[in-house]
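Data from structure-v4.cif: mmCIF, C-alpha atoms
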data_structure
loop_
_atom_site.label_atom_id
_atom_site.label_comp_id
_atom_site.auth_asym_id
_atom_site.auth_seq_id
_atom_site.Cartn_x
_atom_site.Cartn_y
_atom_site.Cartn_z
CA MET A 1 48.11 34.20 7.52
CA LYS A 2 45.59 35.62 9.98
CA PRO A 3 43.83 38.13 7.65
CA ILE A 4 42.36 35.36 5.49
CA ALA A 5 41.39 33.11 8.40
CA ALA A 6 37.66 33.63 7.96
CA LEU A 7 37.79 32.71 4.27
CA PHE A 8 39.77 29.54 4.89
CA ALA A 9 37.45 28.62 7.76
CA SER A 10 34.37 28.68 5.54
CA LEU A 11 36.15 26.90 2.70
CA TRP A 12 37.47 24.17 4.99
CA ILE A 13 34.11 23.55 6.62
CA ALA A 14 32.54 23.22 3.15
CA CYS A 15 35.28 20.77 2.20
CA ILE A 16 34.63 18.53 5.21
CA LEU A 17 30.85 18.60 4.71
CA ALA A 18 31.13 17.74 1.03
CA GLY A 19 33.62 14.96 1.61
CA SER A 20 36.34 13.92 -0.81
CA ALA A 21 34.29 12.15 -3.45
CA GLN A 22 35.56 14.60 -6.06
CA ALA A 23 39.19 14.17 -5.07
CA GLN A 24 41.81 12.53 -7.19
CA GLU A 25 44.09 9.90 -5.69
CA PRO A 26 45.62 11.63 -2.66
CA SER A 27 49.19 12.80 -3.12
CA ILE A 28 51.25 13.27 0.03
CA PRO A 29 53.93 15.98 -0.05
CA VAL A 30 57.40 14.89 1.03
CA PHE A 31 59.79 17.55 2.31
CA TRP A 32 62.36 15.35 4.04
CA ASP A 33 65.08 12.98 2.86
CA ALA A 34 64.62 9.66 4.66
CA ARG A 35 68.33 8.92 4.14
CA GLU A 36 69.47 11.99 6.05
CA ARG A 37 70.74 11.17 9.50
CA LEU A 38 69.83 13.67 12.19
CA ALA A 39 71.03 13.04 15.73
CA LYS A 40 68.32 12.75 18.35
CA PRO A 41 68.83 15.65 20.77
CA ASP A 42 69.19 15.17 24.51
CA MET A 43 66.14 16.86 26.02
CA THR A 44 66.70 15.84 29.66
CA ALA A 45 67.67 19.38 30.69
CA VAL A 46 64.60 20.92 29.06
CA GLN A 47 62.06 21.91 31.70
CA ARG A 48 59.16 22.76 29.39
CA VAL A 49 58.24 23.09 25.72
CA ARG A 50 55.11 25.19 25.41
CA PHE A 51 53.77 25.73 21.90
CA LEU A 52 51.87 28.97 21.34
CA THR A 53 49.10 28.92 18.75
CA THR A 54 45.72 30.46 17.96
CA THR A 55 42.14 29.17 17.86
CA ASP A 56 40.78 30.67 14.65
CA PHE A 57 42.48 29.21 11.58
CA PRO A 58 40.90 25.86 10.66
CA PRO A 59 42.00 23.31 9.74
CA PHE A 60 45.32 24.30 11.36
CA ASN A 61 44.02 25.33 14.78
CA PHE A 62 40.44 25.74 15.97
CA LEU A 63 37.95 24.84 18.68
CA ASP A 64 35.83 21.80 17.90
CA GLY A 65 32.15 21.39 18.77
CA SER A 66 32.97 20.60 22.39
CA GLY A 67 35.29 23.61 22.75
CA ARG A 68 38.44 21.48 22.59
CA LEU A 69 41.51 22.94 20.89
CA THR A 70 42.29 20.82 17.84
CA GLY A 71 43.66 20.99 14.31
CA PHE A 72 46.66 20.09 12.18
CA HIS A 73 49.05 22.26 14.21
CA ILE A 74 47.82 20.85 17.50
CA ASP A 75 48.34 17.26 16.43
CA LEU A 76 51.67 18.16 14.84
CA ALA A 77 52.92 19.71 18.09
CA ARG A 78 51.90 16.62 20.04
CA ALA A 79 53.62 14.37 17.50
CA ILE A 80 56.80 16.44 17.83
CA CYS A 81 56.73 16.02 21.60
CA ALA A 82 56.16 12.29 21.27
CA GLU A 83 59.20 11.90 18.99
CA LEU A 84 61.35 13.86 21.46
CA ASP A 85 60.03 11.84 24.42
CA ILE A 86 58.88 14.99 26.20
CA LEU A 87 55.11 14.54 26.32
CA ASP A 88 55.20 15.15 30.06
CA LYS A 89 56.91 18.52 29.45
CA CYS A 90 54.84 19.49 26.43
CA GLN A 91 52.12 22.16 26.60
CA ILE A 92 49.98 24.00 24.06
CA GLN A 93 48.51 27.43 24.74
CA ALA A 94 46.16 29.34 22.46
CA LEU A 95 46.34 33.14 22.28
CA PRO A 96 45.04 35.85 19.97
CA TRP A 97 47.25 36.18 16.89
CA GLY A 98 48.45 39.65 17.85
CA GLU A 99 49.78 38.44 21.21
CA LEU A 100 52.02 35.63 19.95
CA ASP A 101 55.13 37.78 19.41
CA THR A 102 54.99 39.33 22.87
CA ALA A 103 54.24 36.01 24.53
CA LEU A 104 57.29 34.35 22.98
CA ALA A 105 59.52 37.32 23.82
CA ASP A 106 58.25 37.24 27.42
CA LYS A 107 59.06 33.51 27.65
CA GLN A 108 55.43 32.52 28.05
CA GLY A 109 56.26 29.81 25.52
CA GLU A 110 59.20 28.25 23.74
CA ALA A 111 57.79 28.01 20.22
CA ILE A 112 55.02 29.24 17.93
CA VAL A 113 53.15 26.83 15.68
CA ALA A 114 50.52 29.01 14.07
CA GLY A 115 51.07 29.35 10.35
CA ILE A 116 54.09 31.64 10.40
CA SER A 117 55.75 31.81 6.98
CA VAL A 118 59.53 31.94 6.73
CA THR A 119 60.49 35.28 5.20
CA ALA A 120 63.34 37.75 5.58
CA GLU A 121 61.14 39.76 7.94
CA THR A 122 60.21 36.83 10.18
CA ARG A 123 63.80 35.51 10.22
CA ALA A 124 64.79 38.80 11.83
CA LYS A 125 62.49 38.00 14.76
CA TYR A 126 62.60 34.22 15.14
CA GLY A 127 64.65 31.11 14.82
CA PHE A 128 62.99 28.44 12.69
CA SER A 129 62.82 24.74 12.17
CA ARG A 130 62.91 23.55 8.61
CA SER A 131 59.66 23.89 6.71
CA TYR A 132 56.97 21.33 7.53
CA LEU A 133 54.44 22.40 4.89
CA GLN A 134 54.55 24.37 1.66
CA PHE A 135 51.77 25.73 -0.52
CA PRO A 136 52.11 25.03 -4.24
CA ALA A 137 50.49 26.91 -7.08
CA ARG A 138 48.00 24.87 -9.11
CA PHE A 139 45.81 25.15 -12.19
CA VAL A 140 42.11 24.34 -11.94
CA VAL A 141 40.23 23.64 -15.17
CA PRO A 142 36.73 22.46 -16.14
CA SER A 143 36.42 18.70 -15.89
CA ALA A 144 36.14 18.28 -19.67
CA SER A 145 39.13 20.53 -20.40
CA THR A 146 41.95 19.26 -22.61
CA ILE A 147 44.54 21.14 -20.57
CA SER A 148 46.94 18.62 -19.06
CA GLU A 149 50.65 17.93 -18.99
CA PRO A 150 52.70 19.39 -20.53
CA VAL A 151 50.69 22.36 -19.33
CA HIS A 152 53.09 24.98 -20.68
CA GLN A 153 52.23 23.72 -24.19
CA ARG A 154 48.56 22.88 -23.84
CA SER A 155 47.71 26.11 -22.03
CA ALA A 156 49.10 28.32 -24.80
CA GLY A 157 46.50 30.85 -25.87
CA LYS A 158 44.11 29.87 -23.10
CA ARG A 159 42.46 32.45 -20.84
CA VAL A 160 43.67 31.92 -17.27
CA GLY A 161 42.23 33.78 -14.30
CA VAL A 162 44.43 34.91 -11.42
CA ILE A 163 44.32 37.48 -8.63
CA ALA A 164 45.75 40.81 -9.77
CA GLY A 165 49.06 41.87 -8.25
CA SER A 166 49.60 38.53 -6.50
CA ALA A 167 52.70 36.37 -6.44
CA HIS A 168 50.65 33.88 -8.44
CA GLU A 169 50.11 36.43 -11.20
CA ARG A 170 53.85 37.10 -11.40
CA MET A 171 54.57 33.39 -11.44
CA LEU A 172 51.94 32.74 -14.12
CA ARG A 173 53.32 35.43 -16.42
CA ASP A 174 56.92 34.26 -15.96
CA TYR A 175 56.37 30.50 -16.12
CA PHE A 176 53.59 30.41 -18.70
CA PRO A 177 54.20 33.38 -21.04
CA ASP A 178 51.91 32.03 -23.76
CA VAL A 179 48.67 32.07 -21.74
CA LYS A 180 46.23 34.97 -21.87
CA VAL A 181 46.26 36.32 -18.32
CA VAL A 182 42.90 37.55 -16.99
CA THR A 183 43.20 39.36 -13.65
CA TYR A 184 40.61 39.72 -10.90
CA ILE A 185 40.44 41.53 -7.58
CA LYS A 186 38.27 38.88 -5.88
CA GLN A 187 38.81 35.13 -5.81
CA GLU A 188 35.05 34.50 -5.96
CA TRP A 189 34.94 36.22 -9.35
CA VAL A 190 37.64 33.90 -10.66
CA PHE A 191 35.58 30.91 -9.59
CA ASP A 192 32.36 32.33 -11.03
CA ASP A 193 33.91 32.95 -14.44
CA LEU A 194 35.56 29.53 -14.49
CA LYS A 195 32.20 27.84 -13.84
CA ALA A 196 30.54 30.04 -16.47
CA GLY A 197 33.14 29.14 -19.10
CA LYS A 198 34.41 32.72 -19.44
CA ILE A 199 37.96 31.59 -18.69
CA ASP A 200 39.69 28.29 -19.48
CA ALA A 201 41.51 27.87 -16.18
CA ALA A 202 42.26 29.44 -12.82
CA PHE A 203 45.72 29.67 -11.28
CA GLY A 204 46.40 30.22 -7.61
CA ASP A 205 47.08 28.78 -4.18
CA GLY A 206 46.64 25.03 -4.26
CA MET A 207 45.14 24.76 -0.78
CA ARG A 208 42.47 27.37 -1.43
CA LEU A 209 41.66 25.77 -4.77
CA ALA A 210 41.41 22.32 -3.15
CA PHE A 211 38.89 23.58 -0.60
CA TRP A 212 36.82 25.13 -3.39
CA LEU A 213 36.93 21.98 -5.55
CA SER A 214 35.62 19.87 -2.68
CA GLY A 215 32.96 22.33 -1.58
CA SER A 216 29.44 22.76 -2.86
CA ASP A 217 30.22 26.12 -4.47
CA SER A 218 32.21 24.42 -7.24
CA SER A 219 29.20 22.24 -8.21
CA ALA A 220 31.71 19.50 -9.13
CA CYS A 221 32.62 21.52 -12.20
CA CYS A 222 36.34 21.28 -12.21
CA ARG A 223 39.60 19.48 -11.47
CA PHE A 224 43.29 20.13 -10.95
CA ALA A 225 45.54 20.10 -14.02
CA GLY A 226 49.32 20.00 -13.97
CA GLY A 227 51.56 20.82 -11.08
CA PRO A 228 51.97 21.18 -8.19
CA TYR A 229 54.36 24.09 -8.72
CA LEU A 230 56.67 24.97 -5.84
CA ALA A 231 58.58 28.18 -6.44
CA PRO A 232 60.21 29.65 -3.30
CA GLU A 233 61.22 32.80 -5.15
CA TYR A 234 57.53 33.58 -5.65
CA LEU A 235 55.70 31.66 -2.93
CA GLY A 236 58.22 31.48 -0.09
CA THR A 237 59.51 28.39 1.66
CA GLY A 238 56.34 27.52 3.54
CA LEU A 239 55.51 27.14 7.23
CA ALA A 240 57.95 26.32 10.02
CA VAL A 241 57.96 26.17 13.81
CA ALA A 242 59.22 29.48 15.19
CA THR A 243 61.46 29.73 18.25
CA VAL A 244 63.36 32.52 19.97
CA LYS A 245 66.40 33.46 17.90
CA ASP A 246 68.95 32.48 20.56
CA ASP A 247 67.78 28.86 20.94
CA PRO A 248 69.18 26.91 17.95
CA LEU A 249 69.14 23.70 20.00
CA LEU A 250 65.36 23.72 20.15
CA ALA A 251 65.06 24.37 16.41
CA HIS A 252 67.39 21.42 15.79
CA ALA A 253 65.24 19.25 18.05
CA PHE A 254 62.17 20.17 16.02
CA ASP A 255 64.01 19.29 12.81
CA TYR A 256 64.81 15.83 14.16
CA ALA A 257 61.22 15.26 15.25
CA LEU A 258 59.73 16.53 11.99
CA GLN A 259 61.94 14.22 9.96
CA GLN A 260 60.94 11.22 12.09
CA ILE A 261 57.27 12.17 11.77
CA ASN A 262 57.66 12.16 8.00
CA VAL A 263 59.69 8.95 7.76
CA LYS A 264 57.26 7.04 9.98
CA GLY A 265 54.19 8.11 7.99
CA ILE A 266 52.73 10.21 10.80
CA PHE A 267 52.81 13.37 8.70
CA ALA A 268 50.92 11.63 5.89
CA GLU A 269 48.22 10.58 8.35
CA LEU A 270 47.84 14.13 9.69
CA TYR A 271 47.88 15.64 6.21
CA LEU A 272 45.05 13.42 4.96
CA ARG A 273 43.08 13.91 8.19
CA TYR A 274 42.94 17.68 7.79
CA PHE A 275 43.31 18.05 4.01
CA PRO A 276 41.08 15.32 2.55
CA VAL A 277 41.52 16.86 -0.90
CA SER A 278 45.26 17.00 -1.42
CA PHE A 279 46.59 20.23 -2.86
CA PHE A 280 49.67 18.40 -4.14
#

Translate the structure of the given file into structure tokens.
Amino acid sequence: MKPIAALFASLWIACILAGSAQAQEPSIPVFWDARERLAKPDMTAVQRVRFLTTTDFPPFNFLDGSGRLTGFHIDLARAICAELDILDKCQIQALPWGELDTALADKQGEAIVAGISVTAETRAKYGFSRSYLQFPARFVVPSASTISEPVHQRSAGKRVGVIAGSAHERMLRDYFPDVKVVTYIKQEWVFDDLKAGKIDAAFGDGMRLAFWLSGSDSSACCRFAGGPYLAPEYLGTGLAVATVKDDPLLAHAFDYALQQINVKGIFAELYLRYFPVSFF
């Protein structure tokens, strides 16, 4: 996720400054079954749980105005430690993105919470908790648009902008074969044409679209329509806490804590704190 950090940083800052006045009723994603029973792990033998992260990917991890490390991932790590009753053993260390792999391999930390997606490539290097956040695809349309559910019917024949060669383009063509796909090489051009009425909708990453909708650049032109669309075969299974491959006990402990965080409403609180315009 690091290469697009600067873009997300500017979008997120615009979102916070603009507030959530344009937001629809917040929708909280739920990735855990409250009825599932996970045993609380015994952590008495654990000497330390140090989470490795970065400082340059707001709202997930960043330095606030006073230079304090903060963000969604920071608060999530602390909540995990609280659920496992290991706050006294819990540490968080920020490193440059390119040093995280080496630091974990050298046992400078026990886990990475820094926006690592679960893929075949990353599974070869890490163990993982279950996913704690996924990124759906969404449609954005002008506020006066008639496009709504069922979107696959009401979008037929409409011009929909999407980034060329992206997973979202493949998903759009496969899921919505009756739309007229208009491809772009820059996201800003998609937004510009949507505001100018040259396309009927935009399709892409829900989080990026939510930041744009809430920011001043959108000029309150538009809204979400339909969705959210979660498709692991196109978009992956989301973000998870990474551990060394030979420590399944720690991954299980994170699973227990993440479920408790969800069941108790702590995840919902963190989600709304850092994503005031829900992308779900």

Q: Can you give me, as a PyMOL selection string, the residues this file yields under the PyMOL selection byres ((chain A and resi 94) around 12)?
A: chain A and resi 50-57+61-63+68-71+73-74+91-93+95-100+103+108-109+111-114

Q: Find the residue from A:Ser278, A:Phe176, A:Ala34, A:Glu83 that sits nearest to A:Pro150; use only C-alpha atoms when measuring.
A: A:Phe176

Q: Starting from the point (56.6, 13.2, 20.6), work out which residues of protein, DNA or RNA have an atom no more than 12 Å away when counting all atoms listed in the file; state them as a list in words.
A: Lys40, Met43, Val49, Asp75, Leu76, Ala77, Arg78, Ala79, Ile80, Cys81, Ala82, Glu83, Leu84, Asp85, Ile86, Leu87, Asp88, Lys89, Cys90, Gln91, Ala253, Phe254, Tyr256, Ala257, Leu258, Gln259, Gln260, Ile261 and Ile266 of chain A

Please dump the current selection as a short mmCIF file (atom, residue, chain, number, x, y, z; two decimals), keeping the file's coordinate frame; keep C-alpha atoms.
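New file out_15.cif:
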data_model
loop_
_atom_site.label_atom_id
_atom_site.label_comp_id
_atom_site.auth_asym_id
_atom_site.auth_seq_id
_atom_site.Cartn_x
_atom_site.Cartn_y
_atom_site.Cartn_z
CA LYS A 40 68.32 12.75 18.35
CA MET A 43 66.14 16.86 26.02
CA VAL A 49 58.24 23.09 25.72
CA ASP A 75 48.34 17.26 16.43
CA LEU A 76 51.67 18.16 14.84
CA ALA A 77 52.92 19.71 18.09
CA ARG A 78 51.90 16.62 20.04
CA ALA A 79 53.62 14.37 17.50
CA ILE A 80 56.80 16.44 17.83
CA CYS A 81 56.73 16.02 21.60
CA ALA A 82 56.16 12.29 21.27
CA GLU A 83 59.20 11.90 18.99
CA LEU A 84 61.35 13.86 21.46
CA ASP A 85 60.03 11.84 24.42
CA ILE A 86 58.88 14.99 26.20
CA LEU A 87 55.11 14.54 26.32
CA ASP A 88 55.20 15.15 30.06
CA LYS A 89 56.91 18.52 29.45
CA CYS A 90 54.84 19.49 26.43
CA GLN A 91 52.12 22.16 26.60
CA ALA A 253 65.24 19.25 18.05
CA PHE A 254 62.17 20.17 16.02
CA TYR A 256 64.81 15.83 14.16
CA ALA A 257 61.22 15.26 15.25
CA LEU A 258 59.73 16.53 11.99
CA GLN A 259 61.94 14.22 9.96
CA GLN A 260 60.94 11.22 12.09
CA ILE A 261 57.27 12.17 11.77
CA ILE A 266 52.73 10.21 10.80
#

Q) With distances taken over only C-alpha atoms, which of A:Ala164, A:Leu172, A:Ala242, A:Ala144 is nearest to A:Lys186? A)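 Among the listed residues, A:Ala164 lies closest to A:Lys186.
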
Q: Apply the PyMOL selection byres ((chain A and resi 129) around 9) to the file shown and report the selected residues as a ChimeraX atom specification.
A: /A:127-128,130-132,240-243,248,250-255,258

Starting from the point (49.9, 33.0, -4.7), work out which residues of protein, DNA or RNA have an atom no more than 8 Å away when counting all atoms listed in the file; state them as a JSON list (two decimals) with C-alpha atoms, in the frame of the given file.
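Saved the output as out-v7.json:
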[["chain", "number", "residue", "atom", "x", "y", "z"],
["A", 137, "ALA", "CA", 50.49, 26.91, -7.08],
["A", 166, "SER", "CA", 49.60, 38.53, -6.50],
["A", 167, "ALA", "CA", 52.70, 36.37, -6.44],
["A", 168, "HIS", "CA", 50.65, 33.88, -8.44],
["A", 169, "GLU", "CA", 50.11, 36.43, -11.20],
["A", 204, "GLY", "CA", 46.40, 30.22, -7.61],
["A", 205, "ASP", "CA", 47.08, 28.78, -4.18],
["A", 234, "TYR", "CA", 57.53, 33.58, -5.65],
["A", 235, "LEU", "CA", 55.70, 31.66, -2.93]]

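Atom to atom, atom CA of A:Thr237 and atom CA of A:Val263 stand 20.4 Å apart.
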
Q. Which is closer to A:Glu110 than all the others in A:Val140, A:Val46, A:Ile147, A:Ala225, using only C-alpha atoms?
A.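 Closest to A:Glu110 of all the choices is A:Val46.
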
Q) Applied to this file, what does the PyMOL selection byres ((chain A and resi 143) around 7) return in terms of residues, put as number ranges by chain? A) A: 141-142, 144-145, 221-223

Saving stretch 51-63 of chain A with all heavy atoms, as a PDB file, in the first residue's frame, what would that file be?
ATOM      1  N   PHE A  51       4.457  -4.458  17.983  1.00  0.00           N
ATOM      2  CA  PHE A  51       3.890  -4.252  16.656  1.00  0.00           C
ATOM      3  C   PHE A  51       4.784  -3.301  15.878  1.00  0.00           C
ATOM      4  O   PHE A  51       5.132  -2.222  16.367  1.00  0.00           O
ATOM      5  CB  PHE A  51       2.485  -3.653  16.757  1.00  0.00           C
ATOM      6  CG  PHE A  51       1.443  -4.582  17.287  1.00  0.00           C
ATOM      7  CD1 PHE A  51       1.179  -4.633  18.649  1.00  0.00           C
ATOM      8  CD2 PHE A  51       0.724  -5.408  16.441  1.00  0.00           C
ATOM      9  CE1 PHE A  51       0.203  -5.483  19.151  1.00  0.00           C
ATOM     10  CE2 PHE A  51      -0.242  -6.269  16.928  1.00  0.00           C
ATOM     11  CZ  PHE A  51      -0.506  -6.308  18.286  1.00  0.00           C
ATOM     12  N   LEU A  52       5.135  -3.684  14.669  1.00  0.00           N
ATOM     13  CA  LEU A  52       5.907  -2.830  13.772  1.00  0.00           C
ATOM     14  C   LEU A  52       4.947  -2.148  12.803  1.00  0.00           C
ATOM     15  O   LEU A  52       4.037  -2.785  12.256  1.00  0.00           O
ATOM     16  CB  LEU A  52       6.927  -3.665  13.005  1.00  0.00           C
ATOM     17  CG  LEU A  52       7.892  -4.496  13.855  1.00  0.00           C
ATOM     18  CD1 LEU A  52       8.774  -5.365  12.960  1.00  0.00           C
ATOM     19  CD2 LEU A  52       8.746  -3.593  14.742  1.00  0.00           C
ATOM     20  N   THR A  53       5.144  -0.858  12.597  1.00  0.00           N
ATOM     21  CA  THR A  53       4.276  -0.112  11.695  1.00  0.00           C
ATOM     22  C   THR A  53       5.083   0.993  11.035  1.00  0.00           C
ATOM     23  O   THR A  53       6.312   1.031  11.156  1.00  0.00           O
ATOM     24  CB  THR A  53       3.064   0.449  12.455  1.00  0.00           C
ATOM     25  OG1 THR A  53       2.121   0.987  11.518  1.00  0.00           O
ATOM     26  CG2 THR A  53       3.469   1.511  13.451  1.00  0.00           C
ATOM     27  N   THR A  54       4.409   1.884  10.336  1.00  0.00           N
ATOM     28  CA  THR A  54       5.077   3.014   9.684  1.00  0.00           C
ATOM     29  C   THR A  54       4.458   4.313  10.189  1.00  0.00           C
ATOM     30  O   THR A  54       3.542   4.304  11.009  1.00  0.00           O
ATOM     31  CB  THR A  54       4.936   2.942   8.149  1.00  0.00           C
ATOM     32  OG1 THR A  54       3.553   3.090   7.803  1.00  0.00           O
ATOM     33  CG2 THR A  54       5.458   1.614   7.612  1.00  0.00           C
ATOM     34  N   THR A  55       4.941   5.433   9.676  1.00  0.00           N
ATOM     35  CA  THR A  55       4.438   6.737  10.139  1.00  0.00           C
ATOM     36  C   THR A  55       3.770   7.545   9.041  1.00  0.00           C
ATOM     37  O   THR A  55       3.344   8.673   9.287  1.00  0.00           O
ATOM     38  CB  THR A  55       5.593   7.593  10.686  1.00  0.00           C
ATOM     39  OG1 THR A  55       6.528   7.851   9.627  1.00  0.00           O
ATOM     40  CG2 THR A  55       6.282   6.905  11.839  1.00  0.00           C
ATOM     41  N   ASP A  56       3.649   6.986   7.838  1.00  0.00           N
ATOM     42  CA  ASP A  56       3.309   7.837   6.690  1.00  0.00           C
ATOM     43  C   ASP A  56       2.140   7.325   5.871  1.00  0.00           C
ATOM     44  O   ASP A  56       2.128   7.415   4.651  1.00  0.00           O
ATOM     45  CB  ASP A  56       4.532   7.996   5.785  1.00  0.00           C
ATOM     46  CG  ASP A  56       5.092   6.654   5.314  1.00  0.00           C
ATOM     47  OD1 ASP A  56       4.587   5.600   5.753  1.00  0.00           O
ATOM     48  OD2 ASP A  56       6.039   6.663   4.505  1.00  0.00           O
ATOM     49  N   PHE A  57       1.114   6.777   6.523  1.00  0.00           N
ATOM     50  CA  PHE A  57      -0.048   6.325   5.757  1.00  0.00           C
ATOM     51  C   PHE A  57      -1.338   6.665   6.498  1.00  0.00           C
ATOM     52  O   PHE A  57      -2.052   5.806   6.981  1.00  0.00           O
ATOM     53  CB  PHE A  57       0.032   4.822   5.484  1.00  0.00           C
ATOM     54  CG  PHE A  57      -0.894   4.382   4.378  1.00  0.00           C
ATOM     55  CD1 PHE A  57      -0.602   4.680   3.071  1.00  0.00           C
ATOM     56  CD2 PHE A  57      -2.060   3.703   4.667  1.00  0.00           C
ATOM     57  CE1 PHE A  57      -1.457   4.293   2.046  1.00  0.00           C
ATOM     58  CE2 PHE A  57      -2.919   3.304   3.652  1.00  0.00           C
ATOM     59  CZ  PHE A  57      -2.625   3.600   2.328  1.00  0.00           C
ATOM     60  N   PRO A  58      -1.646   7.978   6.641  1.00  0.00           N
ATOM     61  CA  PRO A  58      -2.888   8.343   7.307  1.00  0.00           C
ATOM     62  C   PRO A  58      -4.106   7.881   6.488  1.00  0.00           C
ATOM     63  O   PRO A  58      -4.021   7.831   5.263  1.00  0.00           O
ATOM     64  CB  PRO A  58      -2.817   9.872   7.354  1.00  0.00           C
ATOM     65  CG  PRO A  58      -1.900  10.260   6.243  1.00  0.00           C
ATOM     66  CD  PRO A  58      -0.907   9.136   6.136  1.00  0.00           C
ATOM     67  N   PRO A  59      -5.184   7.511   7.140  1.00  0.00           N
ATOM     68  CA  PRO A  59      -5.413   7.602   8.582  1.00  0.00           C
ATOM     69  C   PRO A  59      -4.979   6.352   9.362  1.00  0.00           C
ATOM     70  O   PRO A  59      -5.304   6.211  10.532  1.00  0.00           O
ATOM     71  CB  PRO A  59      -6.933   7.747   8.662  1.00  0.00           C
ATOM     72  CG  PRO A  59      -7.423   6.920   7.519  1.00  0.00           C
ATOM     73  CD  PRO A  59      -6.406   7.147   6.411  1.00  0.00           C
ATOM     74  N   PHE A  60      -4.243   5.453   8.719  1.00  0.00           N
ATOM     75  CA  PHE A  60      -3.874   4.195   9.379  1.00  0.00           C
ATOM     76  C   PHE A  60      -2.741   4.385  10.385  1.00  0.00           C
ATOM     77  O   PHE A  60      -2.795   3.848  11.486  1.00  0.00           O
ATOM     78  CB  PHE A  60      -3.483   3.146   8.337  1.00  0.00           C
ATOM     79  CG  PHE A  60      -4.642   2.674   7.507  1.00  0.00           C
ATOM     80  CD1 PHE A  60      -4.912   3.226   6.270  1.00  0.00           C
ATOM     81  CD2 PHE A  60      -5.472   1.666   7.970  1.00  0.00           C
ATOM     82  CE1 PHE A  60      -5.989   2.798   5.510  1.00  0.00           C
ATOM     83  CE2 PHE A  60      -6.546   1.230   7.227  1.00  0.00           C
ATOM     84  CZ  PHE A  60      -6.807   1.802   5.988  1.00  0.00           C
ATOM     85  N   ASN A  61      -1.702   5.092   9.998  1.00  0.00           N
ATOM     86  CA  ASN A  61      -0.598   5.378  10.902  1.00  0.00           C
ATOM     87  C   ASN A  61       0.108   6.651  10.444  1.00  0.00           C
ATOM     88  O   ASN A  61       0.475   6.792   9.279  1.00  0.00           O
ATOM     89  CB  ASN A  61       0.397   4.206  10.987  1.00  0.00           C
ATOM     90  CG  ASN A  61       0.374   3.312   9.768  1.00  0.00           C
ATOM     91  OD1 ASN A  61      -0.347   2.330   9.736  1.00  0.00           O
ATOM     92  ND2 ASN A  61       1.168   3.654   8.759  1.00  0.00           N
ATOM     93  N   PHE A  62       0.267   7.588  11.396  1.00  0.00           N
ATOM     94  CA  PHE A  62       0.859   8.884  11.052  1.00  0.00           C
ATOM     95  C   PHE A  62       1.251   9.601  12.335  1.00  0.00           C
ATOM     96  O   PHE A  62       0.870   9.190  13.446  1.00  0.00           O
ATOM     97  CB  PHE A  62      -0.122   9.743  10.244  1.00  0.00           C
ATOM     98  CG  PHE A  62      -1.411  10.060  10.963  1.00  0.00           C
ATOM     99  CD1 PHE A  62      -1.585  11.286  11.583  1.00  0.00           C
ATOM    100  CD2 PHE A  62      -2.446   9.144  11.009  1.00  0.00           C
ATOM    101  CE1 PHE A  62      -2.765  11.591  12.251  1.00  0.00           C
ATOM    102  CE2 PHE A  62      -3.640   9.430  11.675  1.00  0.00           C
ATOM    103  CZ  PHE A  62      -3.797  10.655  12.295  1.00  0.00           C
ATOM    104  N   LEU A  63       2.020  10.663  12.199  1.00  0.00           N
ATOM    105  CA  LEU A  63       2.398  11.502  13.321  1.00  0.00           C
ATOM    106  C   LEU A  63       1.440  12.687  13.390  1.00  0.00           C
ATOM    107  O   LEU A  63       1.246  13.394  12.396  1.00  0.00           O
ATOM    108  CB  LEU A  63       3.838  11.997  13.163  1.00  0.00           C
ATOM    109  CG  LEU A  63       4.920  10.906  13.112  1.00  0.00           C
ATOM    110  CD1 LEU A  63       6.285  11.551  12.882  1.00  0.00           C
ATOM    111  CD2 LEU A  63       4.930  10.077  14.393  1.00  0.00           C
TER     112      LEU A  63
END
